[in-house]
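Q: I am attaching a structure below and will ask some questions about it afterwards.
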Amino acid sequence: MNQPLLEVENLRFRFRGQEQDVVQDVSFRLGRNETLCIVGESGCGKSVTALALMGLLPQDSVQFGAGRIRFDGETFAPGDHDRIAKMRGDRMAMIFQEPMTSLNPAFRIGDQIAEAVERHRNCGHAAARARALEMLGKVGIPAPEQRFDAYPHQLSGGMRQRVMIAMALANDPELLIADEPTTALDVTVQAQILELIAELQAETGMGTIMITHDLGVVAEIATNVAVMYAGQVVEYGSARSIFENPQHPYTIGLMASVPSLTGPRRRLSTVPGVVPAIGQMPEGCRFSSRCPFAAPVCAARPDLAEQDPGHRVACHFAPLEQTLERSA
Amino acid sequence: MLSFVARRIVIAIPTVILISIFVFGLQKLLPGDPILAMAGEERDPETIAFLREKYRMNDPVWVQYATWIKGVVTGNLGISLRTNQPVTELIAQKLPVTIQLALMALVFALVIGIPAGILSAVKKGTITDYVANVVALSGLSIPNFWLGIMLILLVAVKWQALPASGYVPPGEDLWLSLKTMLMPAFVLGTALAATLMRHTRSAMLGVLKSDYVRTARAKGLAERRVILRHAFRNALTPIVTLTALLFGELIAGAVLTEQIFTIPGFGKLVVDAVFNRDYAVVQGIVLVTAMGFIVMNILADAAYFVLNPRLRKQ
Amino acid sequence: MTDLILKADGLKKHFQVGGGFMAETKTVRAVDGVSIEVRRGETFAIVGESGCGKSTLARLLMRLLEPTEGAIEFDGRDIAGIRGRDLRELRRDMQFVFQDPFSSLNPRMSVGKLVGEPIETHRPELSRTQRRQEVARLLRTVGLRPEHADRYPHEFSGGQRQRIGIARALASNPRLVIGDEPVSALDVSVQAQVVNLLHDLKSKLDMTLVIIAHDLAVIRHMSDRVAVMYLGQVVESGPTDEIFAAPRHPYTLALLSAIPEPVHGRERTRIALSGETPSPASPPSGCRFHTRCPFAREDCATRVPELRVAANETRVACHYWEEIAATRPKAGLTPAAARSEGAQRRFALYEAATLRQTDRPETASNAGATT
Amino acid sequence: ADFRFALESDPDILDPDQSRTFVGRIVYTALCDKLVDITPDLEIVPQLATEWSWNDEGTALTMTLREGVTFHDGTPFDAEAVAANIERSQTMEESRRKSEVASITGTEVLGPHQIRIDLAQPDATLLAQLADRAGMMVSPTAAAEAGADFGLAPVCSGPYKFEERVAQDKIVLSKFAEYWNAGEFHFDTVTYLPIPDSTVRLANLQSGDVDAINRLAATDVAQVRNDPSLKVEEAVSLGYQGITFNIGNGERGDNPWGNDARLRKALELAIDRNAINQVVFEGTAPAGNQAFPPNSPWYDTSLPVPERDVEAAKALLAEAGYENGIDLEVQAPNTPVNLQLMQVIQSMAAEAGINISITSKEFATMLSDQTAGDFTASQVGWSGRVDPDGNIHQFMTTDAGLNDAKYSNEEVDRLLDEARVTTDMAARKESYDAAAKILNEDKPIIYLYHETWIWALDDAIEGFVPYPDGMFRLAGVTKSE
Amino acid sequence: MMAQPATPATLKPQLMTDPVLQKRPENRVWKKFRSHRSAMLGGLLVGLFVLMAVFAPILPIPDPTATDWGAVRQAPSAAHWLGTDEIGRDVLSRLVWGAQASLLAGVISVGIAVAFGVPMGILAGYFGGWTDGIISRCTEALLAVPFLILAIALAAFLGPSLTNAMIAIGLSATPVFVRLTRGQVISVKAEDFVEGAHAIGLSTPKILSRYIFPNILPPVLVQATLTIATAIIAEASLSFLGLGQQPPAPSWGSMLNTAKNFLSQAPWMAMWPGIAIFLVVLGFNLLGDGLRDALDPREH
Ligand SMILES: Nc1ncnc2c1ncn2[C@@H]1O[C@H](COP(=O)(O)OP(=O)(O)OP(=O)(O)O)[C@@H](O)[C@H]1O
Ligand SMILES: Nc1ncnc2c1ncn2[C@@H]1O[C@H](COP(=O)(O)OP(=O)(O)OP(=O)(O)O)[C@@H](O)[C@H]1O
Ligand SMILES: [Mg+2]
Ligand SMILES: [Mg+2]
Ligand code: NI
């Protein structure tokens with residue numbers, strides 16, 4: 001398939017009252033049946049990017065810049081919430097980070113799923129219910145008939161996350177955005193959920209954007225990876241090339257921070273410092289305030305330039321080892 | 001369920017006893033002698049002595065209390081010093097009146113307070129929000145009597161649209177009964193609506209920030225449905241608790257409203273009884289009010305359980 | 001004096017839940033007969049599935065909860081039943097780091113007050129100025145700056161908040177610190193900072209650490225010995241290296257096999273667990289894991305396995321671990337595929353550069369925090 | 001047709017022998033006939049007794065009773081019934097009428113419709129008492145049956161019989177067809193509605209919910225007069241309003257105000273009664289300085305209402321040793337009108353150097369404080385009685401029941417006692433005038449004004465005659481459609 | 001970035017360079033409060049009335065008790081801006097002088113209710129069990145007793161004065177605060193940071209005062225600002241029972257109460273005190289909202 005499912009070009013926006021963009025010129029593309037993983041430090045703008053795609057940012061407190069979203073051939077302005085809302089829950093769906101609080105505690109889970117079906121399929125209540133039951137079965141909830149009438153508090157975290165997935169996938173969306181769907185869960189449950197998403201993806205051919213900070217998860221499921229730092233995509237490429245040939249100092253720092261399960265135990269290397277607040281971001285390369293290789297040239301913003309085919313990096317020094325050794 | 005109610009009632013017994021002792025004691029401390037008020041203009045000493053004896057005013061307080069309690073247990077609350085009517089009869093007469101007033105007022109309070117609260121929460125910081133707040137607060141600071149008399153002068157006297165005051169039992173003429181009660185209920189309701197509105201607003205503000213509201217939006221639901229079904233449903237729990245708390249204000253407000261609109265309800269009964277030092281009546285009313293509080297609390301708890309599935313059986 | 005600093009014996013905590021409007025009360029057996037021993041100066045880890053009772057156990061050890069049954073000895077002294085002043089005294093020697101850096105700090109207190117509070121309580125002899133100096137020293141110790149004392153928790157990032165929590169725990173000069181998932185809420189780069197910090201503090205201040213986590217890589221990195229819990233009970237315990245190299249209990253096996261590794265394209269054999277964790281209110285009979293165990297046999301449903309010695313210091317609560325180990329290829333982890341050669345050089349450069357940078361402690365956290 | 005009449009408060013028990021409220025008496029005018037009645041000029045006229053005569057000593061009153069009268073329960077009205085009624089008033093333990101009929105020593109039934117009432121000594125007030133609650137005849141059968149609970153369902157012989165009562169809501173009476181004078185009463189039912197707030201009471205009249213209201217506020221008179229659909233009727237009351245001083249009631253009686261009549265006089269001189277009438281009562285409440293209103297035959301014209309004289313008041317204060325002013329605490333009932341009145345007086349007195357502080361008290365507290373002597377001065381009133389004795393004897397004689405000032409003067413005692421037993425009108429007037437002069441000097445009370453009963457009626461109501469006793473008599477009242 | 005107030009740069013040079021330190025905690029609350037538009041409006045309103053109450057004696061207005069028989073119940077005019085009352089006193093000057101009694105009645109009685117109710121609620125909510133039982137039962141008892149009885153009894157025992165009226169009003173408003181606080185404490189005490197305080201070994205009084213109290217404040221603040229209205233109006237009914245401001249001293253409540261009888265002849269008598277009460281209540285509510293936001297370090 002030539003035409004990608006989703007193309008995001010230069011998405012940028014800021015919250016009202018702030019002097020700098022929270023998300024700056026974010027671009028990526030996603031094909032059907034592909035999984036794009038977005039990684040990056042906490043607060044770097046992963047979730048707001050996802051929310052912007054879904055048109056779920058509070059309309060009155062966000063200012064959108066230029067930029068375009070093209071979904072299945074149709075082009076949208078990012079602030080066009082009304083048009084996006086028409087597809088929300090139907091053609092694009094989202095799973096949130098917090099399974100514990102994302103379900104309405106006052107309603108039965110089955111009804112919460114059926115509600116979404118009824119809304120978008122113009123079908124009767126009975127049909128919606130049947131679809132909800134089917135979805136509950138699909139996401140591996142045992143005895144869905146019984147669980148249909150359960151309230152969220154009666155389910156464990158893993159089950160709740162499955163309900164969220166069932167709800168998101170009930171209308172066979174073409175695009176699924178999953179915002180850290182397994183962070184709150186332990187490894188065994190996490191494994192189950194990832195497998196489930198992969199299965200469903202294989203079945204329907206939807207495109208998936210997965211936000212996570214667990215590089216292990218990324219390695220397992222990603223087709224492409226976008227590494228974000230402070231609202232910018234600093235590195236973008238296929239999962240393979242990102243893991244085998246990371247270029248950006250931040251990506252390297254991130255990967256180096258992961259404790260290893262094998263080999264000798266060494267002191268973990270870190271990315272020193274913290275992300276500056278919006279409004280205090282350095283001009284140019286936003287990572288420069290923490291980058292061990294920062295140089296005066298970093299005051300100019302580096303392009304997200306293609307390093308290898310399909311692998312783009314926003315760093316003046318890429319490839320790092322060659323540039324540094326040359327200058328040394 | 002039954003055991004729950006039973007338990008609540010057992011807890012309620014000491015409360016009622018405490019309240020009755022408290023009120024009994026308090027009455028004894030009140031200035032003013034009921035017998036003197038009863039003796040009439042001539043104040044014949046013989047009559048006074050007789051009445052004191054008849055109403056056992058010469059017994060020690062605790063004996064009086066014991067006598068009273070004995071009566072209560074057998075369903076006898078004594079007789080009114082003023083009209084000789086049995087207190088139970090008076091209460092049976094007045095209670096439905098005040099209940100009707102309170103219920104209708106509650107309807108007004110809910111119908112005004114909750115939508116206003118929702119609206120101002122949803123439109124926080126906008127003109128709508130300010131207007132809703134100003135209206136609510138004026139409802140709170142306009143005294144009942146002023147609003148009441150103004151309404152009477154306008155609606156009853158000028159437009160002749162509703163009766164000026166009084167009471168018609170619903171059994172007699174339901175439509176007229178509702179019509180007569182409309183103004184008082186509105187007056188009583190507005191003050192409550194203000195409180196309700198402010199609390200609804202803050203509950204809604206909290207709920208609107210929650211994750212599940214975002215989920216509802218992500219499902220592509222219409223905004224109306226998101227707010228009314230998903231958000232409001234969850235804000236309801238604190239509102240219900242508050243409504244139970246408002247019961248006290250309702251009773252206090254009913255006293256004033258009944259005075260203005262000359263409604264022969266509990267409030268008027270208690271005011272007259274207090275001013276006449278008609279202790280048996282006061283005591284009876286307090287007893288019933290206390291039970292009212294307890295019932296309200298039980299109802300609120302029950303509603304709480306109904307509204308909040310988390311508290312139901314696992 | 002023994003070399004044991006903390007010892008729990010047959011610890012149980014049962015919660016009564018329900019009993020509301022229509023429900024009858026039920027007993028949740030959150031911790032159901034746990035015995036552990038923590039040695040002076042070591043790092044002891046507790047792992048297990050969500051809801052298996054790790055936090056409850058930690059709270060019991062801290063005496064934030066009173067045990068239903070069982071004994072706890074701290075430094076040879078029984079602390080299971082102490083209350084009031086004795087309990088407050090105990091808090092000086094034993095401290096706690098909470099899982100959630102967002103909810104465990106009072107949002108209305110400044111960092112200075114938060115950190116100063118334990119000093120005020122346990123070292124009342126210090127004057128105001130001395131206290132302020134002490135707060136400054138602690139903040140510096142955890143990589144924050146003294147000026148941060150005037151700010152409020154919400155103005156810090158998760159990692160910084162976790163540091164505040166740690167500074168607070170260190171303020172009374174404790175000998176034992178219990179961390180309830182102290183790094184789970186953090187992203188990897190911040191997690192690394194905190195893990196390093198704890199490690200440094202431990203050696204510098206001569207402390208014992210008890211760490212709860214569900215990230216096994218972190219556990220492996222930090223701990224000397226580990227206990228694996230399932231449904232309120234310890235199913236396996238022993239030296240960390242030994243357990244990671246040769247897991248014996250089927251649950252440990254499943255756990256280790258589920259770890260996703262940050263290496264692309266690796267094929268693995270996962271031991272998938274079916275079904276849900278049973279409710280601790282009605283745990284399965286016999287071996288509690290039998291409902292989900294891929295190796296379960298009939299008598300597992302009836303016979304309760306004892307925690308028995310498997311090798312050296314390792315203990316396992318499974319009837320059939322020997323057979324399972326025999327039939328399975330060693331579940332140890334194979335080394336990862338190598339990064340490209342250029343990437344390896346980049347990593348080396350990066351490490352060298354950051355090491356230079358962290359030599360200057362001031363810069364560790366200099367940039368302004370998010371607000 | 002139904003006649004709806006709004007009262008200012010709910011009557012107490014509806015038993016003529018037990019009741020004590022003013023509004024209760026209004027209900028009785030329709031419910032219970034009395035032996036005798038009064039005219040608007042306070043003449044005693046027949047009601048159930050058609051004729052009466054005194055013996056020469058004035059110790060026996062022989063009455064001829066109306067024939068063909070029955071009580072609402074069918075019990076015939078006769079001499080036996082009168083005897084039973086007098087006995088009930090005298091002996092029932094709950095009776096509040098004892099002092100009113102205390103002079104009666106016995107009765108003698110002379111025939112089915114003739115009875116003699118015997119007295120130990122002459123009692124000039126007796127007939128007037130029989131024109132009020134003491135003379136109301138209740139059915140002896142019903143009374144015997146109900147005992148003290150008679151008031152829950154009273155049975156009398158008036159033009160209307162008791163139908164139902166909802167406490168604080170309404171009292172409904174319906175026409176008694178066998179009434180001896182039924183033709184004069186034109187309504188099928190009469191409903192009394194207690195509406196305490198005067199504005200609301202008026203609003204009910206304006207909206208047509210009631211036909212007439214009692215006690216229109218003076219400030220509303222002008223408005224009602226301007227309303228073509230309403231009308232106002234007035235009558236100066238028999239009672240008075242004033243400020244009573246604690247002369248000798250307990251410790252607090254021993255104070256400058258209680259001890260020195262000059263101070264009390266000074267206060268009186270500082271007050272401008274006519275201004276009060278204008279400011280507070282819109283000219284409806286005539287000024288007064290005696291127990292009887294100036295239009296009463298008992299009023300002593302030689303003691304006219306004094307003019308305000310601040311200088312004289314100051315002089316009197318100085319004479320009493322308070323040239324720099326003096327404080328006075330006055331308690332007043334907590335009604336708006338009373339407080340308004342007291343504030344006006346407060347401001348008047350201030351000009352003379354009398355610094356009044358007002359304590360408003362609710363009625364029951366005030367009553368007991370007053371009885372107990374826990375006051376310096378008290379703003380009180382009296383609704384008034386037909387016989388002059390009722391306005392003065394029980395307030396001014398030593399040990400009298402309502403003498404809260406504990407004022408005591410042998411000469412006054414003698415004069416007032418004498419007036420009681422004198423049947424000669426001129427001789428009585430002499431006694432009262434003499435007493436009035438002494439009281440004017442001693443001033444245990446400063447009489448201020450006489451209230452006027454004000455009724456507002458729907459324009460359709462015809463034939464109402466205002467009486468100074470404040471009752472609303474329904475005889476001859478009609479409603480044009 | 002706005003220009004900072006000029007701190008001598010030589011004194012602590014590093015302070016100027018560090019953005020962290022440019023926020024002084026002392027003025028943080030005040031600064032946030034100041035930037036809160038509606039809170040400032042509220043503060044302004046309340047401040048205006050407070051000034052009015054304080055400076056009543058020196059304002060160029062007539063004596064509030066001076067009567068004028070010739071000018072009874074006159075409509076607003078040049079001589080009497082807000083008209084005159086039922087005995088010819090200037091309504092404007094009574095309004096100004098009445099501010100004192102009414103503000104005191106509102107603020108102090110709510111203060112009393114908060115001062116009793118909140119600690120009681122904290123104890124009941126925090127300790128539960130018997131403490132809760134006793135406090136809750138007493139609260140219910142107090143709620144069931146008619147306000148009138150309480151007021152008359154207090155009037156008799158404490159004697160008639162404005163202070164005692166405030167006590168009576170405060171006492172009768174207490175139960176609501178007890179309940180509100182109790183409910184709030186029950187949820188706050190389950191928060192992690194309270195457990196954290198235990199873990200540190202803090203004593204109970206410190207936990208109550210530093211951890212529980214500041215976190216239950218917002219709803220209490222809302223309720224308190226709402227109760228002020230009720231209290232101001234309640235003062236009037238008490239003055240009629242002999243408690244509270246005694247005539248001729250003015251208070252808004254008693255002005256309203258008197259005006260009740262002249263609603264059709266002199267509507268302005270009720271209008272002005274009504275407006276004054278509304279503005280004060282509005283002011284306090286806005287102030288309360290602002291204060292709540294300002295005291296919460298998380299709010300912007
Ligand atoms: N409604 C909002 N108003 C103002 N700032 C906001 C708002 N929502 C998010 N932000 C800010 O935008 C930035 C990006 O937030 P975002 O939630 O996207 O981070 P994230 O990458 O998802 O982090 P995490 O891994 O912690 O979920 C943060 O600095 C956050 O404080
Ligand atoms: N106060 C309590 N009352 C009732 N049940 C409780 C209570 N605290 C914990 N539990 C229950 O005890 C069990 C163990 O809980 P605990 O918090 O110790 O698990 P955990 O291992 O820390 O899980 P996680 O990894 O999710 O933090 C859970 O089922 C929990 O629901
Ligand atoms: Mg996020
Ligand atoms: Mg836990
Ligand atoms: Ni900020």
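Letters A, B, ... go to the chains of the structure tokens in the order shown; residues in each chain start at 1; ligands are counted from 1 in the same order.
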Which neighbours of stretch 247-260 of chain B fall inside 7 Å, counting only C-alpha atoms, when residues of the same chain fewer than 4 positions from it are skipped, and could you give them as a PyMOL selection string?

A: (chain B and resi 102+144-145+148+184+188+243+264-265+267-268) or (chain D and resi 197) or (chain E and resi 143)

Q: Please extract the residues at most 10 Å from ligand 2, counting only C-alpha atoms and all ligand atoms, and provide them as a VMD selection string, using the chain letters and residue numbers of this document.

A: (chain A and resid 156 to 157 184 to 186) or (chain C and resid 13 to 18 26 to 31 46 to 60 65 99 to 100 180 to 181 184 212 to 214 229 to 232 277 to 281) or (chain E and resid 190)

Q: Would you mind exporting C-alpha atoms of the selected residues as a CSV table (one decimal), in the first residue's frame?

A:
```csv
chain,number,residue,atom,x,y,z
A,156,SER,CA,-8.3,-6.0,38.2
A,157,GLY,CA,-6.1,-3.6,36.5
A,184,ALA,CA,0.6,0.4,35.5
A,185,LEU,CA,0.7,-3.3,35.0
A,186,ASP,CA,3.2,-5.9,35.9
C,13,LYS,CA,-2.2,-9.4,57.6
C,14,HIS,CA,-5.9,-10.1,57.0
C,15,PHE,CA,-8.2,-7.2,56.1
C,16,GLN,CA,-11.9,-7.2,56.7
C,17,VAL,CA,-13.7,-5.7,53.8
C,18,GLY,CA,-17.3,-5.1,52.8
C,26,LYS,CA,-15.0,-10.8,53.7
C,27,THR,CA,-11.5,-11.5,54.8
C,28,VAL,CA,-8.7,-10.5,52.4
C,29,ARG,CA,-5.6,-12.4,53.1
C,30,ALA,CA,-3.2,-9.8,51.8
C,31,VAL,CA,-0.1,-11.2,53.5
C,46,ILE,CA,10.8,-8.3,47.0
C,47,VAL,CA,9.1,-9.0,43.6
C,48,GLY,CA,5.8,-10.3,42.6
C,49,GLU,CA,2.7,-9.7,40.6
C,50,SER,CA,0.5,-6.6,41.2
C,51,GLY,CA,-1.7,-7.2,44.2
C,52,CYS,CA,0.3,-10.1,45.7
C,53,GLY,CA,0.8,-8.2,49.0
C,54,LYS,CA,4.2,-6.5,48.5
C,55,SER,CA,3.1,-3.1,49.7
C,56,THR,CA,1.2,-4.7,52.6
C,57,LEU,CA,4.3,-6.5,53.6
C,58,ALA,CA,6.3,-3.4,53.5
C,59,ARG,CA,3.8,-1.5,55.6
C,60,LEU,CA,3.8,-4.3,58.1
C,65,LEU,CA,0.0,-1.6,59.8
C,99,GLN,CA,5.9,4.2,45.4
C,100,ASP,CA,4.0,7.2,44.1
C,180,ASP,CA,8.0,0.5,48.0
C,181,GLU,CA,8.5,0.5,44.3
C,184,SER,CA,8.3,2.2,39.1
C,212,ILE,CA,10.0,-3.7,46.3
C,213,ALA,CA,9.8,-3.6,42.5
C,214,HIS,CA,8.2,-5.2,39.6
C,229,MET,CA,5.8,-13.4,46.2
C,230,TYR,CA,2.6,-14.8,44.9
C,231,LEU,CA,-0.7,-14.2,46.5
C,232,GLY,CA,0.4,-13.2,49.9
C,277,THR,CA,-4.7,-13.8,39.7
C,278,PRO,CA,-7.2,-15.3,42.1
C,279,SER,CA,-8.6,-13.0,44.7
C,280,PRO,CA,-6.8,-12.9,48.0
C,281,ALA,CA,-10.2,-13.0,49.6
E,190,ALA,CA,-6.5,7.9,53.3
```

Q: Could you list, as an NGL selection string, all residues that come within 12 Å of ligand 3? Count only C-alpha atoms and all ligand atoms.

A: (:A and (38-51 or 95-98 or 178-181 or 183 or 210-213)) or (:C and (185-187))

Q: Considering only C-alpha atoms, state which residue in the set D:Asp327, D:Asp272, D:Asp56, D:Asp73 is at the smallest distance from chain E.

A: D:Asp272

Q: Would you list which chain A residues are within 7 Å of chain B using only C-alpha atoms, as a ChimeraX atom specification?

A: /A:85-86,88-89,93-94,101-104,106,116,119,151,153-154

Q: For atom CA of B:Phe266 and atom CA of B:Thr98, quote the distance in Å rounded to one decimal.

A: 5.8 Å

Q: What's around E:Val188 at 12 Å? Count only C-alpha atoms, leave out sequence neighbours fewer than 5 positions away in its own chain, and write the answer as an MDAnalysis selection string.

A: (chainID C and resid 103:104 106) or (chainID E and resid 122 125:126 181:183 193:195 207:208 211:217)

Q: Go ahead and dump the residues you just picked, C-alpha atoms, as a compact mmCIF listing (two decimals), in the first residue's frame.

A:
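This went into result.txt:
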```
# COMPACT_ATOMS: atom_id res chain seq x y z
CA SER C 103 0.64 11.47 46.04
CA SER C 104 3.04 10.81 48.87
CA ASN C 106 1.76 16.87 51.03
CA ILE E 122 -11.25 16.64 62.42
CA GLY E 125 -13.15 11.98 61.15
CA TYR E 126 -9.60 11.19 62.12
CA THR E 181 -15.05 18.50 57.94
CA ARG E 182 -15.57 14.98 59.13
CA GLY E 183 -16.40 13.72 55.66
CA PHE E 193 1.06 11.60 52.26
CA VAL E 194 -0.70 11.11 55.56
CA GLU E 195 0.72 7.65 55.77
CA ILE E 207 -0.34 15.33 61.51
CA LEU E 208 -3.68 16.93 62.21
CA TYR E 211 -1.38 17.44 56.95
CA ILE E 212 -5.08 17.11 57.53
CA PHE E 213 -6.11 20.66 58.19
CA PRO E 214 -4.65 22.46 55.16
CA ASN E 215 -6.05 19.82 52.86
CA ILE E 216 -9.63 20.00 54.08
CA LEU E 217 -9.71 23.76 53.89
```

Q: Determine which residues of chain B sit within 6 Å of chain E, taking into account only C-alpha atoms, and present them as a list in words.

A: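 For chain B, the answer reads Thr15, Ile19, Leu30, Ser138, Ser141, Thr289 and Ala290 of chain B.
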
Q: Taking the chain letters and numbering used in this document, name the residues of stretch 373-422 of chain D that DSSP puts in strand (DSSP E), as a PDB file with N, CA and C atoms, in the first residue's frame.

A:
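That gives us selection_37.pdb:
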```
ATOM      1  N   ALA D 377     -38.518  49.412  83.732  1.00  0.00           N
ATOM      2  CA  ALA D 377     -39.717  49.958  83.137  1.00  0.00           C
ATOM      3  C   ALA D 377     -40.114  49.037  82.007  1.00  0.00           C
ATOM      4  N   SER D 378     -41.400  49.019  81.724  1.00  0.00           N
ATOM      5  CA  SER D 378     -41.876  48.042  80.772  1.00  0.00           C
ATOM      6  C   SER D 378     -42.954  48.675  79.911  1.00  0.00           C
ATOM      7  N   GLN D 379     -42.812  48.466  78.615  1.00  0.00           N
ATOM      8  CA  GLN D 379     -43.808  49.050  77.721  1.00  0.00           C
ATOM      9  C   GLN D 379     -44.915  48.025  77.553  1.00  0.00           C
ATOM     10  N   VAL D 380     -46.075  48.283  78.223  1.00  0.00           N
ATOM     11  CA  VAL D 380     -47.136  47.291  78.206  1.00  0.00           C
ATOM     12  C   VAL D 380     -48.454  47.915  77.800  1.00  0.00           C
ATOM     13  N   GLY D 381     -49.386  47.055  77.509  1.00  0.00           N
ATOM     14  CA  GLY D 381     -50.713  47.542  77.174  1.00  0.00           C
ATOM     15  C   GLY D 381     -51.769  46.619  77.739  1.00  0.00           C
ATOM     16  N   TRP D 382     -53.002  47.057  77.591  1.00  0.00           N
ATOM     17  CA  TRP D 382     -54.142  46.265  78.096  1.00  0.00           C
ATOM     18  C   TRP D 382     -55.254  46.421  77.081  1.00  0.00           C
TER      19      TRP D 382
END
```

Q: Contacts from chain E to chain D, 7 Å maximum, only C-alpha atoms: show me the residue list as an MDAnalysis selection string.

A: chainID E and resid 67 69 87 240:242 246:248 258 261

Q: Please write the residues from the selection above to a file, keeping N, CA and C atoms, as a PDB file, in the first residue's frame.

A:
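Wrote out.pdb, looks like this:
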```pdb
ATOM      1  N   THR E  67     -33.576  61.302  64.573  1.00  0.00           N
ATOM      2  CA  THR E  67     -34.894  61.131  63.959  1.00  0.00           C
ATOM      3  C   THR E  67     -35.395  62.482  63.460  1.00  0.00           C
ATOM      4  N   TRP E  69     -39.196  63.859  62.600  1.00  0.00           N
ATOM      5  CA  TRP E  69     -40.630  63.524  62.479  1.00  0.00           C
ATOM      6  C   TRP E  69     -41.218  64.044  61.171  1.00  0.00           C
ATOM      7  N   ILE E  87     -38.918  56.080  61.152  1.00  0.00           N
ATOM      8  CA  ILE E  87     -39.019  57.203  62.080  1.00  0.00           C
ATOM      9  C   ILE E  87     -38.097  58.342  61.641  1.00  0.00           C
ATOM     10  N   PHE E 240     -34.488  40.646  67.399  1.00  0.00           N
ATOM     11  CA  PHE E 240     -35.887  40.720  67.785  1.00  0.00           C
ATOM     12  C   PHE E 240     -36.193  39.887  69.013  1.00  0.00           C
ATOM     13  N   LEU E 241     -35.359  38.928  69.292  1.00  0.00           N
ATOM     14  CA  LEU E 241     -35.568  38.138  70.501  1.00  0.00           C
ATOM     15  C   LEU E 241     -34.838  38.753  71.675  1.00  0.00           C
ATOM     16  N   GLY E 242     -34.217  39.889  71.444  1.00  0.00           N
ATOM     17  CA  GLY E 242     -33.535  40.539  72.545  1.00  0.00           C
ATOM     18  C   GLY E 242     -32.037  40.317  72.490  1.00  0.00           C
ATOM     19  N   GLN E 246     -29.382  46.064  69.589  1.00  0.00           N
ATOM     20  CA  GLN E 246     -30.646  46.576  70.098  1.00  0.00           C
ATOM     21  C   GLN E 246     -30.921  47.960  69.528  1.00  0.00           C
ATOM     22  N   PRO E 247     -32.189  48.286  69.304  1.00  0.00           N
ATOM     23  CA  PRO E 247     -32.517  49.581  68.755  1.00  0.00           C
ATOM     24  C   PRO E 247     -32.070  50.692  69.699  1.00  0.00           C
ATOM     25  N   PRO E 248     -31.668  51.821  69.207  1.00  0.00           N
ATOM     26  CA  PRO E 248     -31.775  52.248  67.814  1.00  0.00           C
ATOM     27  C   PRO E 248     -30.537  51.937  66.973  1.00  0.00           C
ATOM     28  N   THR E 258     -37.328  45.519  59.815  1.00  0.00           N
ATOM     29  CA  THR E 258     -38.273  46.619  59.986  1.00  0.00           C
ATOM     30  C   THR E 258     -38.935  46.937  58.653  1.00  0.00           C
ATOM     31  N   ASN E 261     -42.377  45.637  57.083  1.00  0.00           N
ATOM     32  CA  ASN E 261     -43.724  46.168  57.262  1.00  0.00           C
ATOM     33  C   ASN E 261     -44.045  47.314  56.324  1.00  0.00           C
TER      34      ASN E 261
END
```

Q: Given a cut-off of 12 Å, which residues of chain A touch chain E, counting only C-alpha atoms, written out as an MDAnalysis selection string?

A: chainID A and resid 17:19 276:277 279:280
